[in-house]
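Q: My questions will all concern the structure given below.
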Amino acid sequence: MLINRIRFLARQLLAFFCLALLLAPAAAGQSAHRRIVAVGDLHGDFIAWRAIAAAAQLIDARGKWTGGNTIFVQTGDVADRGPDTLGILNDLMRLQREAKRSGGQVIALVGNHEAMNMTDDLRYVSAVDYAAYADSGSAQLRDRVYEANKVAIAVAYRQSNPSMSDSAVRDAWLAATPLGSLERAADWHANGRIGRWVLQNPAVAVVDGNLFVHGGLSLRYQGATVDAINRGVAQALAAHDTTPTAIINDQDGPLWYRGYVQPEAVAPATDEQIDRLLQSFGATRMIIGHTPVLSGIAILHEGRVVDIDTGITAYYNGKLGYLEIVEGQLIPRIVPRPAADGGK
């Protein structure tokens with residue numbers, strides 16, 4: 001009887017102790033906020049991306065996740081301009097899985113260049129980027145596609161030049177269809193590997209009071225919700241919507257807006273207006289990319305807006321920058337550009 005009573009008291013004390021631990025305030029130096037690392041536009045520069053990720057202690061020498069429970073946000077525009085969009089995308093897709101297993105998170109936002117690739121606006125795709133998809137069967141695939149569609153192809157070309165011969169049409173189409181381009185198009189299709197991944201990624205994310213978005217949210221989006229914006233972007237991408245008013249093409253929308261960095265281009269927003277916009281999303285600051293500031297991370301509007309597009313890609317030859325947020329404090333970081341990427 002006495003033993004049972006002692007056991008009962010011991011269980012009660014243990015339960016009380018566990019409850020006290022759960023209810024106790026965090027000790028000094030502890031916080032519910034996890035470390036956040038944010039990186040802006042990468043534009044196909046795999047060497048620069050790996051240098052930044054390693055410096056931020058997100059990956060090891062093999063590219064494997066070492067960030068623990070860090071939240072990593074890439075604000076879009078992985079694609080175009082540079083030579084190795086595919087390498088970066090493969091990294092991000094894999095790191096999303098690896099980070100999750102370690103209690104971390106990788107958030108890859110949709111940028112305007114991801115939307116352009118999903119809607120076949122390929123003006124900024126590099127020749128090397130196409131070549132990354134080519135293999136020993138690419139030439140044969142291209143020939144088969146031409147033969148299956150040569151009548152329609154000829155009609156299209158002869159609309160601008162009715163006198164084109166069959167051989168001239170074929171040569172023109174082959175020149176406009178580099179090896180690897182058909183495989184790349186299939187990958188970026190809404191049903192392709194990359195297309196499906198882009199569709200599941202957000203355009204806007206709020207993390208610990210930080211609103212992450214590629215271009216920025218103009219005042220017109222006050223009153224919208226994160227879910228509604230992300231749903232609208234995914235629907236427009238899936239529908240291949242190229243109309244100027246679509247959310248993925250809207251110059252005041254989340255993928256394209258530049259007004260906080262280039263206020264001369266639009267009616268400038270006051271700090272009070274920005275505060276109201278941020279409050280409507282439960283945020284205290286907006287972290288954006290899209291508009292390069294080659295001198296480094298730009299803290300604007302007294303900290304309400306932070307532009308982390310530092311022109312990372314060698315195409316722009318800006319700074320290799322990333323933003324670290326620890327205990328709510330902004331810590332801009334600069335990484336030396338590797339010699340292999342044009343650094344000295």
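In the structure tokens, chains take letters A, B, ... by order of appearance, with residues numbered from 1 within each chain and ligands from 1 in the order shown.
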Show which residues sit within 8 Å of stretch 34-39 of chain A, as a list of chain:residue names. Count only C-alpha atoms, and ignore same-chain residues fewer than 5 positions away.
A: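 In the requested format, the answer is A:Ala56, A:Asn69, A:Thr70, A:Ile71, A:Phe72, A:Val73, A:Gln74, A:Thr75, A:Ile308, A:Asp309, A:Gly321, A:Tyr322, A:Leu323, A:Glu324, A:Ile325, A:Val326, A:Glu327.
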Q: Write the residues of the selection above to a file with C-alpha atoms, as a PDB file, in the first residue's frame.
A:
```
ATOM      1  CA  ALA A  56      25.966  30.218 -45.133  1.00  0.00           C
ATOM      2  CA  ASN A  69      16.723  23.519 -38.608  1.00  0.00           C
ATOM      3  CA  THR A  70      17.554  26.657 -40.617  1.00  0.00           C
ATOM      4  CA  ILE A  71      14.814  28.076 -42.820  1.00  0.00           C
ATOM      5  CA  PHE A  72      16.307  28.862 -46.227  1.00  0.00           C
ATOM      6  CA  VAL A  73      14.392  31.100 -48.628  1.00  0.00           C
ATOM      7  CA  GLN A  74      15.384  31.582 -52.257  1.00  0.00           C
ATOM      8  CA  THR A  75      13.341  34.470 -53.646  1.00  0.00           C
ATOM      9  CA  ILE A 308      18.518  40.960 -51.584  1.00  0.00           C
ATOM     10  CA  ASP A 309      19.070  40.830 -55.356  1.00  0.00           C
ATOM     11  CA  GLY A 321      25.310  38.332 -51.033  1.00  0.00           C
ATOM     12  CA  TYR A 322      22.900  36.609 -48.704  1.00  0.00           C
ATOM     13  CA  LEU A 323      20.779  37.781 -45.808  1.00  0.00           C
ATOM     14  CA  GLU A 324      20.901  36.094 -42.429  1.00  0.00           C
ATOM     15  CA  ILE A 325      18.172  36.748 -39.877  1.00  0.00           C
ATOM     16  CA  VAL A 326      18.961  35.762 -36.302  1.00  0.00           C
ATOM     17  CA  GLU A 327      16.634  36.663 -33.413  1.00  0.00           C
TER      18      GLU A 327
END
```
Q: For A:Leu109, which residue out of A:Gln200, A:Ser138, A:Gln273, A:Asn161 is the nearest one, using only C-alpha atoms?
A: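 Ranked by minimum distance to A:Leu109, first place goes to A:Gln200.
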Q: Please extract the residues of stretch 7-165 of chain A with a backbone DSSP assignment of strand (DSSP E or B) and present them as a VMD selection string.
A: chain A and resid 36 to 39 59 65 71 to 74 105 to 108
Q: Show me, as JSON lines, the residues of stretch 184-283 of chain A having an atom within 12 Å of stretch 41-52 of chain A, each with the closest atom pair and its distance in Å, using only C-alpha atoms.
A:
```
{"residue": "A:Val213", "atom": "CA", "partner": "A:Asp41", "partner_atom": "CA", "distance": 11.6}
{"residue": "A:His214", "atom": "CA", "partner": "A:Asp41", "partner_atom": "CA", "distance": 8.6}
{"residue": "A:Gly215", "atom": "CA", "partner": "A:Asp41", "partner_atom": "CA", "distance": 10.5}
```
